[in-house]
>>> print(open('structure_11.tsv').read())   # TSV, C-alpha atoms
chain	number	residue	atom	x	y	z
V	1	MET	CA	5.08	-33.47	-23.04
V	2	ALA	CA	4.59	-30.67	-20.49
V	3	ALA	CA	7.26	-27.98	-20.28
V	4	THR	CA	8.05	-25.56	-17.47
V	5	VAL	CA	8.68	-21.87	-18.17
V	6	THR	CA	10.76	-20.16	-15.47
V	7	VAL	CA	11.65	-16.52	-14.89
V	8	GLU	CA	14.47	-15.48	-12.56
V	9	PRO	CA	14.27	-13.65	-10.28
V	10	ALA	CA	10.92	-15.26	-9.54
V	11	GLY	CA	7.88	-13.17	-8.69
V	12	ARG	CA	7.59	-9.44	-9.36
V	13	CYS	CA	10.54	-7.30	-10.44
V	14	LEU	CA	10.98	-3.79	-11.79
V	15	TRP	CA	10.40	-3.02	-15.46
V	16	ASP	CA	14.03	-2.01	-16.04
V	17	GLU	CA	15.53	-5.07	-14.30
V	18	PRO	CA	16.87	-7.90	-16.48
V	19	VAL	CA	15.39	-11.37	-16.04
V	20	ARG	CA	16.47	-14.82	-17.09
V	21	ILE	CA	13.88	-16.79	-19.05
V	22	ALA	CA	14.28	-20.54	-19.46
V	23	VAL	CA	12.23	-23.58	-20.48
V	24	ARG	CA	12.75	-27.08	-19.09
V	25	GLY	CA	11.16	-30.42	-19.94
V	26	LEU	CA	11.51	-30.29	-23.73
V	27	ALA	CA	12.74	-33.06	-26.00
V	28	PRO	CA	16.39	-32.83	-27.12
V	29	GLY	CA	16.62	-30.47	-30.08
V	30	GLN	CA	12.88	-29.80	-30.03
V	31	PRO	CA	11.80	-26.75	-32.09
V	32	VAL	CA	9.58	-24.39	-30.09
V	33	THR	CA	8.10	-20.92	-30.28
V	34	LEU	CA	8.12	-18.59	-27.30
V	35	ARG	CA	5.45	-15.89	-27.11
V	36	ALA	CA	5.11	-12.91	-24.78
V	37	SER	CA	2.02	-10.73	-24.42
V	38	LEU	CA	0.55	-8.08	-22.16
V	39	ARG	CA	-2.39	-5.71	-22.10
V	40	ASP	CA	-2.08	-2.09	-21.05
V	41	GLU	CA	-4.57	-0.28	-18.82
V	42	LYS	CA	-6.80	0.44	-21.82
V	43	GLY	CA	-6.88	-3.19	-22.90
V	44	ALA	CA	-4.56	-2.81	-25.89
V	45	LEU	CA	-2.64	-6.01	-26.66
V	46	PHE	CA	1.13	-6.06	-27.18
V	47	ARG	CA	2.88	-9.22	-28.39
V	48	ALA	CA	6.27	-10.65	-29.39
V	49	HIS	CA	7.45	-14.11	-30.41
V	50	ALA	CA	10.64	-15.90	-31.33
V	51	ARG	CA	11.61	-19.35	-32.62
V	52	TYR	CA	14.12	-21.47	-30.71
V	53	ARG	CA	15.52	-24.99	-30.54
V	54	ALA	CA	16.11	-26.86	-27.27
V	55	ASP	CA	19.63	-28.10	-26.45
V	56	ALA	CA	20.71	-31.74	-26.20
V	57	THR	CA	19.33	-31.99	-22.64
V	58	GLY	CA	15.88	-30.63	-23.55
V	59	GLN	CA	16.47	-27.23	-21.99
V	60	LEU	CA	16.25	-23.73	-23.40
V	61	ASP	CA	18.04	-20.79	-21.77
V	62	LEU	CA	17.54	-17.46	-23.50
V	63	GLU	CA	20.87	-16.21	-22.16
V	64	ARG	CA	22.64	-18.88	-24.22
V	65	ALA	CA	20.25	-19.81	-27.04
V	66	PRO	CA	19.92	-17.46	-30.04
V	67	ALA	CA	16.50	-16.79	-31.51
V	68	LEU	CA	16.14	-18.30	-34.97
V	69	GLY	CA	13.65	-15.69	-36.13
V	70	GLY	CA	10.34	-14.07	-35.29
V	71	SER	CA	10.09	-10.61	-33.73
V	72	PHE	CA	13.90	-10.62	-33.46
V	73	ALA	CA	16.85	-12.91	-34.15
V	74	GLY	CA	20.14	-13.71	-32.45
V	75	LEU	CA	21.14	-13.81	-28.79
V	76	GLU	CA	18.67	-11.47	-27.10
V	77	PRO	CA	17.89	-12.62	-23.52
V	78	MET	CA	15.37	-9.79	-23.05
V	79	GLY	CA	14.07	-9.82	-26.62
V	80	LEU	CA	10.58	-11.05	-25.73
V	81	LEU	CA	10.12	-7.88	-23.65
V	82	TRP	CA	11.78	-5.15	-25.69
V	83	ALA	CA	10.26	-6.47	-28.94
V	84	LEU	CA	6.64	-6.19	-27.75
V	85	GLU	CA	4.57	-4.59	-30.50
V	86	PRO	CA	0.94	-3.44	-30.54
V	87	GLU	CA	-1.72	-5.58	-32.14
V	88	LYS	CA	-3.19	-2.37	-33.58
V	89	PRO	CA	-0.67	-0.22	-35.48
V	90	LEU	CA	0.63	3.10	-34.12
V	91	LEU	CA	-0.15	2.39	-30.47
V	92	ARG	CA	2.57	3.06	-27.90
V	93	LEU	CA	3.17	1.01	-24.78
V	94	VAL	CA	2.71	3.49	-21.91
V	95	LYS	CA	2.33	2.79	-18.19
V	96	ARG	CA	-0.38	5.12	-16.95
V	97	ASP	CA	-0.57	3.94	-13.34
V	98	VAL	CA	2.83	3.20	-11.83
V	99	GLN	CA	1.23	1.83	-8.67
V	100	THR	CA	0.20	-1.36	-10.49
V	101	PRO	CA	2.45	-3.74	-12.49
V	102	PHE	CA	2.21	-5.02	-16.02
V	103	ALA	CA	1.44	-8.75	-16.17
V	104	VAL	CA	3.46	-10.38	-18.96
V	105	GLN	CA	2.25	-13.79	-20.11
V	106	LEU	CA	4.96	-16.11	-21.43
V	107	GLU	CA	4.02	-19.19	-23.47
V	108	VAL	CA	6.00	-21.97	-25.13
V	109	LEU	CA	4.45	-23.82	-28.10
V	110	ASP	CA	5.56	-26.92	-29.96
V	111	GLY	CA	7.11	-26.20	-33.37
V	112	HIS	CA	7.87	-22.97	-35.16
V	113	GLU	CA	5.35	-20.29	-36.04
V	114	PRO	CA	3.37	-19.92	-38.20
V	115	GLU	CA	2.91	-23.70	-37.89
V	116	ALA	CA	3.38	-23.77	-34.11
V	117	GLY	CA	1.35	-26.49	-32.46
V	118	ARG	CA	-0.01	-27.16	-29.00
V	119	LEU	CA	0.72	-25.13	-25.91
V	120	LEU	CA	3.44	-26.79	-23.82
V	121	GLY	CA	3.76	-24.41	-20.90
V	122	ARG	CA	2.89	-20.99	-19.57
V	123	ALA	CA	4.06	-18.52	-16.92
V	124	VAL	CA	2.98	-15.03	-15.80
V	125	HIS	CA	5.64	-12.49	-14.89
V	126	GLU	CA	4.83	-9.14	-13.22
V	127	ARG	CA	6.90	-6.06	-14.16
V	128	ALA	CA	6.50	-3.22	-11.64
V	129	PHE	CA	7.34	0.48	-11.85
V	130	LEU	CA	7.39	1.45	-8.18
V	131	GLY	CA	10.20	-0.09	-6.17
V	132	PRO	CA	9.91	-1.11	-2.50
V	133	GLY	CA	9.75	1.93	-0.28
V	134	VAL	CA	9.77	4.50	-3.10
V	135	ARG	CA	7.56	7.42	-2.07
V	136	ARG	CA	5.08	9.06	-4.44
V	137	GLU	CA	3.94	12.62	-3.66
V	138	PRO	CA	1.51	14.59	-5.88
V	139	VAL	CA	2.65	18.21	-6.39
V	140	ARG	CA	0.38	21.25	-6.77
V	141	ALA	CA	2.54	24.28	-6.00
V	142	GLY	CA	1.64	27.55	-7.71
V	143	ARG	CA	1.29	26.67	-11.38
V	144	VAL	CA	3.31	23.45	-11.09
V	145	ARG	CA	1.46	20.19	-11.67
V	146	ALA	CA	3.68	17.18	-11.08
V	147	THR	CA	4.42	14.07	-9.07
V	148	LEU	CA	7.54	13.76	-6.93
V	149	PHE	CA	9.17	10.38	-6.37
V	150	LEU	CA	11.64	9.94	-3.52
V	151	PRO	CA	13.94	7.00	-2.74
V	152	PRO	CA	13.19	4.94	0.36
V	153	GLU	CA	16.42	5.81	2.18
V	154	PRO	CA	17.08	9.11	4.00
V	155	GLY	CA	18.05	12.10	1.84
V	156	PRO	CA	18.93	14.57	0.60
V	157	PHE	CA	19.13	13.26	-2.97
V	158	PRO	CA	20.26	14.61	-6.35
V	159	GLY	CA	17.20	16.03	-8.09
V	160	ILE	CA	15.88	15.48	-11.61
V	161	VAL	CA	12.95	17.06	-13.44
V	162	ASP	CA	11.49	14.52	-15.88
V	163	VAL	CA	9.79	16.07	-18.93
V	164	PHE	CA	8.25	14.04	-21.75
V	165	GLY	CA	7.83	15.26	-25.31
V	166	ALA	CA	4.72	15.55	-27.45
V	167	GLY	CA	1.51	14.04	-26.09
V	168	GLY	CA	1.09	15.98	-22.88
V	169	GLY	CA	-0.39	14.69	-19.68
V	170	LEU	CA	1.50	13.45	-16.65
V	171	LEU	CA	3.58	10.34	-17.26
V	172	GLU	CA	5.32	8.93	-14.21
V	173	TYR	CA	6.87	5.60	-15.20
V	174	ARG	CA	10.38	6.90	-15.91
V	175	ALA	CA	10.47	9.04	-12.77
V	176	SER	CA	9.28	6.21	-10.55
V	177	LEU	CA	12.05	3.91	-11.82
V	178	LEU	CA	14.76	6.56	-11.45
V	179	ALA	CA	13.70	7.20	-7.85
V	180	GLY	CA	14.59	3.61	-7.07
V	181	LYS	CA	18.18	4.41	-8.15
V	182	GLY	CA	18.69	7.14	-5.56
V	183	PHE	CA	17.28	10.26	-7.26
V	184	ALA	CA	14.53	12.63	-6.23
V	185	VAL	CA	12.58	12.84	-9.50
V	186	MET	CA	9.76	15.22	-10.36
V	187	ALA	CA	7.58	13.96	-13.21
V	188	LEU	CA	6.40	17.27	-14.67
V	189	ALA	CA	3.25	17.89	-16.69
V	190	TYR	CA	3.31	21.02	-18.81
V	191	TYR	CA	0.27	20.78	-21.08
V	192	ASN	CA	-2.90	18.79	-21.61
V	193	TYR	CA	-3.24	18.02	-17.91
V	194	ASP	CA	-5.50	19.39	-15.19
V	195	ASP	CA	-5.66	23.20	-15.48
V	196	LEU	CA	-2.52	23.50	-17.64
V	197	PRO	CA	-2.67	24.70	-21.28
V	198	LYS	CA	-4.40	22.25	-23.60
V	199	SER	CA	-1.74	22.47	-26.31
V	200	MET	CA	1.93	23.38	-26.75
V	201	GLU	CA	1.04	26.64	-28.51
V	202	SER	CA	0.77	28.65	-25.29
V	203	LEU	CA	3.69	27.42	-23.18
V	204	HIS	CA	5.69	29.78	-20.96
V	205	LEU	CA	9.32	28.97	-20.21
V	206	GLU	CA	8.92	30.51	-16.78
V	207	TYR	CA	6.79	27.51	-15.87
V	208	PHE	CA	9.82	25.23	-16.12
V	209	GLU	CA	11.89	27.60	-14.01
V	210	GLU	CA	9.12	27.52	-11.40
V	211	ALA	CA	9.21	23.71	-11.46
V	212	VAL	CA	12.98	23.65	-10.93
V	213	ASN	CA	12.70	26.08	-8.02
V	214	CYS	CA	9.91	23.97	-6.55
V	215	LEU	CA	12.12	20.91	-6.67
V	216	LEU	CA	15.09	22.76	-5.22
V	217	SER	CA	12.99	23.98	-2.29
V	218	HIS	CA	12.16	20.45	-1.21
V	219	PRO	CA	14.11	19.45	1.94
V	220	GLN	CA	14.94	16.04	0.44
V	221	VAL	CA	16.66	17.52	-2.64
V	222	ARG	CA	20.37	18.33	-2.74
V	223	MET	CA	20.56	21.85	-4.15
V	224	THR	CA	23.97	21.40	-5.80
V	225	THR	CA	22.87	18.44	-7.95
V	226	THR	CA	19.76	19.02	-10.02
V	227	GLY	CA	19.01	18.16	-13.62
V	228	ARG	CA	16.41	17.27	-16.17
V	229	VAL	CA	15.52	14.23	-18.22
V	230	ASN	CA	13.37	14.48	-21.31
V	231	SER	CA	12.51	12.31	-24.28
V	232	MET	CA	13.24	14.71	-27.11
V	233	PRO	CA	16.06	17.16	-27.94
V	234	VAL	CA	15.62	20.56	-26.28
V	235	ARG	CA	17.46	23.82	-25.94
V	236	PRO	CA	18.79	24.69	-22.49
V	237	LEU	CA	16.66	27.25	-20.67
V	238	ASN	CA	18.02	30.14	-18.65
V	239	ALA	CA	16.69	28.38	-15.57
V	240	TYR	CA	19.37	25.73	-16.11
V	241	ARG	CA	22.43	27.97	-16.38
V	242	ARG	CA	25.72	26.39	-15.25
V	243	MET	CA	24.39	22.99	-16.31
V	244	ALA	CA	26.04	20.88	-19.00
V	245	LEU	CA	24.09	19.24	-21.82
V	246	TYR	CA	24.45	15.54	-22.56
V	247	HIS	CA	22.65	13.57	-25.25
V	248	LEU	CA	22.34	9.96	-24.20
V	249	THR	CA	21.48	7.27	-26.72
V	250	SER	CA	21.90	3.52	-26.68
V	251	SER	CA	25.03	3.79	-28.81
V	252	GLN	CA	26.94	6.23	-26.57
V	253	LYS	CA	29.25	5.57	-23.64
V	254	MET	CA	28.42	7.73	-20.66
V	255	GLY	CA	30.63	9.24	-17.99
V	256	GLU	CA	31.06	8.39	-14.35
V	257	ASP	CA	28.39	10.50	-12.66
V	258	ALA	CA	25.35	8.69	-11.30
V	259	PRO	CA	22.59	9.81	-13.72
V	260	ARG	CA	24.61	8.85	-16.77
V	261	ARG	CA	25.75	5.62	-15.15
V	262	TYR	CA	22.10	4.65	-14.68
V	263	PHE	CA	21.39	4.93	-18.38
V	264	GLU	CA	24.62	3.14	-19.29
V	265	GLU	CA	23.47	0.20	-17.16
V	266	ARG	CA	20.21	0.27	-19.13
V	267	GLU	CA	22.03	0.27	-22.48
V	268	ARG	CA	20.00	-2.57	-23.94
V	269	PRO	CA	17.99	-3.05	-27.14
V	270	HIS	CA	14.68	-2.48	-25.36
V	271	ALA	CA	15.68	1.18	-24.97
V	272	ARG	CA	17.10	1.72	-28.46
V	273	ASN	CA	14.13	3.84	-29.57
V	274	PHE	CA	14.48	6.36	-26.77
V	275	TYR	CA	16.45	9.58	-26.94
V	276	TYR	CA	17.43	11.10	-23.61
V	277	THR	CA	18.72	14.52	-22.75
V	278	ILE	CA	20.01	15.06	-19.22
V	279	LEU	CA	20.98	18.42	-17.81
V	280	VAL	CA	23.17	17.93	-14.75
>>> encode(input="structure_11.tsv", output="structure tokens")
Amino acid sequence: MAATVTVEPAGRCLWDEPVRIAVRGLAPGQPVTLRASLRDEKGALFRAHARYRADATGQLDLERAPALGGSFAGLEPMGLLWALEPEKPLLRLVKRDVQTPFAVQLEVLDGHEPEAGRLLGRAVHERAFLGPGVRREPVRAGRVRATLFLPPEPGPFPGIVDVFGAGGGLLEYRASLLAGKGFAVMALAYYNYDDLPKSMESLHLEYFEEAVNCLLSHPQVRMTTTGRVNSMPVRPLNAYRRMALYHLTSSQKMGEDAPRRYFEERERPHARNFYYTILV
């Protein structure tokens, strides 16, 4: 029996957008295993799987059917995406080029792993990081090395400086997604990139002040609304005086302003391992 795997909305969508995964053409009550996999730009494989049982009509809708085990259990409509784990331990799923999507392969197999049988159906779903019309502008201003992402509509916009934690380099995937929500976002490198210091041992706080001033000087940035997003707890710098500190985790309820509302809308298990600090 051939089964059909569907993803709605069909075609490409953004990485932080929810999708509805369903399988049709199964036998009533048929046990199946769903698998998801993708390879990053370096070829590393990430996989997740879950065991399900079709309903009385031979259909499986992940918004209504709980997983019976596997990489996760219970009602988790997006579980096959947030539960992706590396084939090789200690690797982290990172999008290095936001101008290309991740291609996620979804498969449905007869039976339950580890005794799952033949392949019944397959679909490929693309998850993008750069929304329609979002503008990407490399920044080399003084010492600042960054990439600025601007929404497609006319500005000015509230500004955010996006700073990642340990690892260095210039990571853009969070900034590119935030720009699609109406923010001017500067993804800021501060070590181990281009001509910047090679390690965190020789950082100068004035560099971050220079980055904030660079963002504020952009004609598409609203000077009265600027902040910072980072992926580890930090102490406020003098450059951010008159700004309030908020720690945002998946267990907290956020306020009514736009940056916090964005993360509240993304309050899903696939983000439970991230720790955000926003200065607004």
>>> atom_distance(input="structure_11.tsv", atom1="atom CA of V:Val139", atom2="atom CA of V:Val94")
21.4 Å
>>> closest_residue(input="structure_11.tsv", among="V:His204, V:Lys181, V:Arg24, V:Lys198", to="V:Val134", atoms="all atoms listed in the file")
V:Lys181
>>> residues_around(input="structure_11.tsv", residues="stretch 190-196 of chain V", least_positions_apart="5", cutoff="9 Å", atoms="all atoms listed in the file", output="number ranges by chain")
V: 143-146, 163, 167-170, 202-203, 207-208
>>> residues_around(input="structure_11.tsv", residues="V:Ser176", least_positions_apart="4", cutoff="7 Å", atoms="only C-alpha atoms", output="PyMOL selection string")
chain V and resi 129-130+149+172+180
>>> closest_residue(input="structure_11.tsv", among="V:Pro9, V:Pro28, V:Pro219, V:Gly79", to="V:Phe157", atoms="only C-alpha atoms")
V:Pro219
>>> closest_residue(input="structure_11.tsv", among="V:Leu93, V:Ala73, V:Val7, V:Leu188", to="V:Glu107", atoms="all atoms listed in the file")
V:Val7
>>> atom_distance(input="structure_11.tsv", atom1="atom CA of V:Leu62", atom2="atom CA of V:Ala103")
19.7 Å
>>> closest_residue(input="structure_11.tsv", among="V:Pro31, V:Gly43, V:Pro138, V:Pro89", to="V:Ala189", atoms="all atoms listed in the file")
V:Pro138
>>> atom_distance(input="structure_11.tsv", atom1="atom CA of V:His49", atom2="atom CA of V:Leu68")
10.7 Å
>>> residues_around(input="structure_11.tsv", residues="stretch 56-61 of chain V", least_positions_apart="5", cutoff="12 Å", atoms="all atoms listed in the file", output="PyMOL selection string")
chain V and resi 1-8+19-34+51+66-67+75-78+108
>>> residues_around(input="structure_11.tsv", residues="stretch 36-39 of chain V", least_positions_apart="6", cutoff="6 Å", atoms="all atoms listed in the file", output="list of chain:residue names")
V:Leu45, V:Phe46, V:Arg47, V:Ala48, V:Leu80, V:Val104, V:Gln105, V:Leu106
>>> write_last_selection(input="structure_11.tsv", atoms="C-alpha atoms", output="mmCIF file, in the frame of the given file")
data_model
loop_
_atom_site.group_PDB
_atom_site.id
_atom_site.type_symbol
_atom_site.label_atom_id
_atom_site.label_comp_id
_atom_site.auth_asym_id
_atom_site.auth_seq_id
_atom_site.Cartn_x
_atom_site.Cartn_y
_atom_site.Cartn_z
ATOM 1 C CA LEU V 45 -2.640 -6.010 -26.660
ATOM 2 C CA PHE V 46 1.130 -6.060 -27.180
ATOM 3 C CA ARG V 47 2.880 -9.220 -28.390
ATOM 4 C CA ALA V 48 6.270 -10.650 -29.390
ATOM 5 C CA LEU V 80 10.580 -11.050 -25.730
ATOM 6 C CA VAL V 104 3.460 -10.380 -18.960
ATOM 7 C CA GLN V 105 2.250 -13.790 -20.110
ATOM 8 C CA LEU V 106 4.960 -16.110 -21.430
#
>>> closest_residue(input="structure_11.tsv", among="V:Gly11, V:Gly133, V:Gly159, V:Pro101", to="V:Ala187", atoms="only C-alpha atoms")
V:Gly159
>>> decode(input="structure_11.tsv", residues="stretch 180-217 of chain V", atoms="N, CA and C atoms", output="compact mmCIF listing (two decimals), in the first residue's frame")
# COMPACT_ATOMS: atom_id res chain seq x y z
N GLY V 180 12.14 39.38 9.16
CA GLY V 180 10.85 39.11 8.54
C GLY V 180 9.68 39.46 9.44
N LYS V 181 9.95 39.79 10.72
CA LYS V 181 8.89 40.16 11.67
C LYS V 181 8.82 41.67 11.88
N GLY V 182 9.58 42.43 11.08
CA GLY V 182 9.47 43.88 11.17
C GLY V 182 10.58 44.58 11.92
N PHE V 183 11.73 43.90 12.12
CA PHE V 183 12.85 44.50 12.84
C PHE V 183 14.05 44.68 11.90
N ALA V 184 14.78 45.75 12.12
CA ALA V 184 16.08 45.90 11.48
C ALA V 184 17.10 45.23 12.40
N VAL V 185 17.71 44.15 11.94
CA VAL V 185 18.54 43.31 12.82
C VAL V 185 19.96 43.24 12.29
N MET V 186 20.91 43.59 13.15
CA MET V 186 22.32 43.49 12.80
C MET V 186 22.90 42.24 13.45
N ALA V 187 23.25 41.25 12.64
CA ALA V 187 23.96 40.07 13.13
C ALA V 187 25.42 40.47 13.30
N LEU V 188 25.90 40.49 14.53
CA LEU V 188 27.22 41.05 14.84
C LEU V 188 28.24 39.97 15.16
N ALA V 189 29.34 39.99 14.42
CA ALA V 189 30.50 39.15 14.77
C ALA V 189 31.38 39.94 15.72
N TYR V 190 32.01 39.26 16.68
CA TYR V 190 32.89 40.00 17.58
C TYR V 190 34.20 39.25 17.87
N TYR V 191 34.33 38.04 17.38
CA TYR V 191 35.64 37.37 17.41
C TYR V 191 35.61 36.18 16.47
N ASN V 192 36.82 35.76 16.10
CA ASN V 192 36.98 34.60 15.21
C ASN V 192 36.26 34.80 13.88
N TYR V 193 36.42 36.01 13.34
CA TYR V 193 35.81 36.32 12.04
C TYR V 193 36.60 37.45 11.38
N ASP V 194 36.96 37.24 10.12
CA ASP V 194 37.63 38.27 9.34
C ASP V 194 38.85 38.79 10.11
N ASP V 195 38.95 40.11 10.28
CA ASP V 195 40.11 40.68 10.97
C ASP V 195 39.84 40.95 12.45
N LEU V 196 38.79 40.37 13.01
CA LEU V 196 38.48 40.55 14.43
C LEU V 196 39.38 39.64 15.27
N PRO V 197 39.45 39.87 16.59
CA PRO V 197 40.26 39.00 17.45
C PRO V 197 39.92 37.53 17.27
N LYS V 198 40.91 36.68 17.40
CA LYS V 198 40.71 35.25 17.18
C LYS V 198 40.08 34.54 18.37
N SER V 199 40.11 35.17 19.54
CA SER V 199 39.54 34.55 20.73
C SER V 199 38.84 35.62 21.55
N MET V 200 38.15 35.19 22.62
CA MET V 200 37.42 36.11 23.49
C MET V 200 38.32 36.77 24.52
N GLU V 201 39.61 36.44 24.52
CA GLU V 201 40.50 36.96 25.55
C GLU V 201 40.86 38.42 25.34
N SER V 202 40.66 38.94 24.13
CA SER V 202 41.08 40.32 23.86
C SER V 202 39.92 41.16 23.33
N LEU V 203 38.74 41.01 23.94
CA LEU V 203 37.58 41.78 23.50
C LEU V 203 37.56 43.16 24.16
N HIS V 204 37.04 44.13 23.43
CA HIS V 204 36.90 45.49 23.96
C HIS V 204 35.42 45.86 23.92
N LEU V 205 34.89 46.28 25.07
CA LEU V 205 33.47 46.61 25.14
C LEU V 205 33.11 47.77 24.24
N GLU V 206 34.09 48.62 23.95
CA GLU V 206 33.80 49.74 23.05
C GLU V 206 33.37 49.28 21.66
N TYR V 207 33.77 48.07 21.29
CA TYR V 207 33.38 47.53 19.99
C TYR V 207 31.86 47.40 19.89
N PHE V 208 31.23 46.96 20.99
CA PHE V 208 29.78 46.79 20.98
C PHE V 208 29.07 48.14 20.95
N GLU V 209 29.65 49.11 21.63
CA GLU V 209 29.08 50.47 21.56
C GLU V 209 29.18 51.01 20.13
N GLU V 210 30.29 50.73 19.47
CA GLU V 210 30.45 51.16 18.08
C GLU V 210 29.41 50.49 17.18
N ALA V 211 29.12 49.22 17.46
CA ALA V 211 28.12 48.51 16.66
C ALA V 211 26.73 49.10 16.86
N VAL V 212 26.39 49.43 18.12
CA VAL V 212 25.09 50.04 18.38
C VAL V 212 24.97 51.38 17.67
N ASN V 213 26.02 52.20 17.75
CA ASN V 213 26.00 53.50 17.08
C ASN V 213 25.90 53.35 15.57
N CYS V 214 26.54 52.32 15.04
CA CYS V 214 26.46 52.06 13.61
C CYS V 214 25.02 51.74 13.20
N LEU V 215 24.37 50.92 14.02
CA LEU V 215 22.98 50.58 13.73
C LEU V 215 22.08 51.80 13.84
N LEU V 216 22.30 52.59 14.88
CA LEU V 216 21.47 53.78 15.08
C LEU V 216 21.62 54.81 13.97
N SER V 217 22.78 54.82 13.33
CA SER V 217 23.02 55.80 12.27
C SER V 217 22.37 55.42 10.95
